[in-house]
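Peer 1: Have a look at this one before I ask anything.
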Amino acid sequence: MQLQYKSATIQWTTKHFVRLSFLVADTSSFSTNIHAQGYDGLLGLGPNKGSLIYKKLDGDTGDTVLTHIFEQDTSADAYITFLLDRKNAPSEPFTGQLTISELVEGFENITSMPKLDVDKVNKLLSQDQHWQAITDKDVGIMGPDGNPIQVDSIVPSAPDDTYVAVFDSGFTFNQVPRKVSDAIYGRVQGAVYDEKNEYWTIPCGQYLNISISFGGVHYPVHPLDTVDDNFNVQDASGNRVCIGAFQPITSAFSLLGHYDMILGMNFLRNAYTLLDFGSWADGADGQKPYIQLASVTNSVQARQDFVTARLGGVDTINDSKWALLPTSQMQRSPISAEEKKKAYEEKILSRWPYILVGCLVGLLLIVGCCIWRFCCSAKAKARRAKKNKKASQLFATEPESTAYLPLESPYKHSAGHSQNIMGSSGFIIHSKHITILSLDDT
């Protein structure tokens, strides 16, 4: 299919205009009707690095919109922030906002939050780089029973008992390891795993308290986000059910082992987020890119919101029908053959740098061993040759031409040089040598 690129002018303040190139897409192939959802396209907010349009077009024609904006005002810091609101939340005090190089009023405290270094992927695979950070050790994800959910990371470089999480507002639901999703929803009474849509469905009145920890700070997830009621889902009996927003990661699974999970809108609604591009922004200094998160969810208020929205204002959260099942009765979602295949491929592909280094080391050892054996063999041959030479010098002190005189006939030697002794055997005596001969009887 021939890709078509066009350009347009974008105004982002009263005095700033940028020229932007974009890709014309056939929206009829999309899985959803974007026009019906109120928008006509997607605007990528990222640096040139990783932009497919930038790679296709020459010069600065394909620069991303953020690159243009950052270049127009080099005195401003190269960062963006976003704040997502929650639909139908009883106590939502703000609306969604996106800013470039400035902070949302009332949320200035985000600059005092821990700076989370962006977890870098291998330079050879930089196209798979995302805004990603490492969770805290041991307490990365706190489950609904108040205990940490511990699952081995697939990222080879990740510290033990941590997860590598990507922050991506393009995902509605959080994409997490299957065991994490099962640990959150598998003990809920009445939970059913939908194999077609690949998510858990649970009773909408189920209160679940989840938190994720970064930089020593716990970020509680609003129970209205953990148990999502925005899609009018029904079970086999026609009863309304909700979706478990921590969905097992399948199609977005990292075959290269660069991350464990993707935190989408259902997490990002709970934190005002700042993404500082640092050295990723063209012309910026060597500062590393980083992420800052400021929690906007109060656990006490969130519980009250849930009671109001889901339980009709009556707090029955502690009723036995909402109690979690024992761990021994926990359900586990089925793993498809395709998912097993991806997991196997990831174990190989994610470790290819280590495999390559191991192969190179092995090759060097083999070559080195061959060279060593060759040198040892050459030295041994040289020693044998030297030894043989000494031996020949010991037993042959005369020139070869006089050391042995061949005999054509024992009677042809001149007088005075030999004496014939008759018999079946005898000696011919030369002036300096004695030769033993075997003579015919005469």
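Chain identifiers are assigned as A, B, and so on, following the order in which chains appear in the structure tokens; residues are numbered from 1 within each chain, and ligands are numbered from 1 in order of appearance.
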Mind checking DSSP for region 183-369 of chain A and telling me the strand (DSSP E or B) residues as a ChimeraX atom specification?
Peer 2: /A:192-194,199-202,210-214,217-221,227-234,240-244,246-248,261-263,271-276,290-295
Peer 1: Mind checking which residues fall within 9 Å of region 159-169 of chain A, counting only C-alpha atoms, ignoring those fewer than 3 positions away in the same chain, and posting them as a VMD selection string?
Peer 2: chain A and resid 119 130 to 141 150 to 156 172 176 258 to 268
Peer 1: Select, from A:Gly50, A:Gly278, A:Gly216, A:Pro326, the residue with the minimum atom-to-atom distance to Gln129 (chain A), counting only C-alpha atoms.
Peer 2: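 Nearest to Gln129 (chain A): A:Gly50.
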Peer 1: Applying 7 Å and only C-alpha atoms, which residues near Arg19 (chain A) remain after dropping the ones on its own chain fewer than 6 positions away? List them as a PyMOL selection string.
Peer 2: chain A and resi 7-10
Peer 1: Please identify all polymer residues within 7 Å of region 95-102 of chain A, counting only C-alpha atoms, omitting same-chain residues fewer than 2 positions from it, and present them as an MDAnalysis selection string.
Peer 2: chainID A and resid 76:85 104
Peer 1: Write the residues you've just listed into a file as a PDB file, in the first residue's frame, and include N, CA, C and O atoms for each of them.
Peer 2:
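Listing of result_23.pdb after writing:
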ATOM      1  N   ALA A  76      12.799  27.288  27.311  1.00  0.00           N
ATOM      2  CA  ALA A  76      11.854  26.531  28.141  1.00  0.00           C
ATOM      3  C   ALA A  76      12.327  25.089  28.277  1.00  0.00           C
ATOM      4  O   ALA A  76      13.008  24.544  27.399  1.00  0.00           O
ATOM      5  N   ASP A  77      11.979  24.463  29.384  1.00  0.00           N
ATOM      6  CA  ASP A  77      12.335  23.059  29.594  1.00  0.00           C
ATOM      7  C   ASP A  77      11.512  22.170  28.664  1.00  0.00           C
ATOM      8  O   ASP A  77      10.323  22.433  28.417  1.00  0.00           O
ATOM      9  N   ALA A  78      12.154  21.118  28.177  1.00  0.00           N
ATOM     10  CA  ALA A  78      11.519  20.223  27.200  1.00  0.00           C
ATOM     11  C   ALA A  78      10.750  19.117  27.926  1.00  0.00           C
ATOM     12  O   ALA A  78      11.260  18.016  28.127  1.00  0.00           O
ATOM     13  N   TYR A  79       9.525  19.427  28.343  1.00  0.00           N
ATOM     14  CA  TYR A  79       8.705  18.411  29.000  1.00  0.00           C
ATOM     15  C   TYR A  79       7.241  18.629  28.654  1.00  0.00           C
ATOM     16  O   TYR A  79       6.821  19.704  28.195  1.00  0.00           O
ATOM     17  N   ILE A  80       6.450  17.590  28.885  1.00  0.00           N
ATOM     18  CA  ILE A  80       5.006  17.687  28.778  1.00  0.00           C
ATOM     19  C   ILE A  80       4.395  17.134  30.071  1.00  0.00           C
ATOM     20  O   ILE A  80       5.048  16.359  30.789  1.00  0.00           O
ATOM     21  N   THR A  81       3.179  17.546  30.371  1.00  0.00           N
ATOM     22  CA  THR A  81       2.457  16.973  31.507  1.00  0.00           C
ATOM     23  C   THR A  81       1.035  16.674  31.055  1.00  0.00           C
ATOM     24  O   THR A  81       0.522  17.303  30.119  1.00  0.00           O
ATOM     25  N   PHE A  82       0.404  15.709  31.714  1.00  0.00           N
ATOM     26  CA  PHE A  82      -1.005  15.466  31.423  1.00  0.00           C
ATOM     27  C   PHE A  82      -1.733  14.999  32.677  1.00  0.00           C
ATOM     28  O   PHE A  82      -1.171  14.359  33.558  1.00  0.00           O
ATOM     29  N   LEU A  83      -2.999  15.376  32.723  1.00  0.00           N
ATOM     30  CA  LEU A  83      -3.880  15.075  33.837  1.00  0.00           C
ATOM     31  C   LEU A  83      -5.168  14.520  33.242  1.00  0.00           C
ATOM     32  O   LEU A  83      -5.835  15.195  32.446  1.00  0.00           O
ATOM     33  N   LEU A  84      -5.508  13.292  33.584  1.00  0.00           N
ATOM     34  CA  LEU A  84      -6.689  12.637  33.031  1.00  0.00           C
ATOM     35  C   LEU A  84      -7.818  12.644  34.055  1.00  0.00           C
ATOM     36  O   LEU A  84      -7.592  12.375  35.239  1.00  0.00           O
ATOM     37  N   ASP A  85      -9.044  12.927  33.585  1.00  0.00           N
ATOM     38  CA  ASP A  85     -10.177  12.917  34.505  1.00  0.00           C
ATOM     39  C   ASP A  85     -10.884  11.564  34.447  1.00  0.00           C
ATOM     40  O   ASP A  85     -10.559  10.700  33.631  1.00  0.00           O
ATOM     41  N   VAL A 104       0.256  22.354  35.220  1.00  0.00           N
ATOM     42  CA  VAL A 104      -1.155  22.633  35.484  1.00  0.00           C
ATOM     43  C   VAL A 104      -1.260  23.362  36.826  1.00  0.00           C
ATOM     44  O   VAL A 104      -0.650  22.953  37.823  1.00  0.00           O
TER      45      VAL A 104
END
Peer 1: Take CA of Thr64 (chain A) and CA of Ile34 (chain A) and report the distance between them in Å, one decimal.
Peer 2: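 These two atoms are separated by 22.2 Å.
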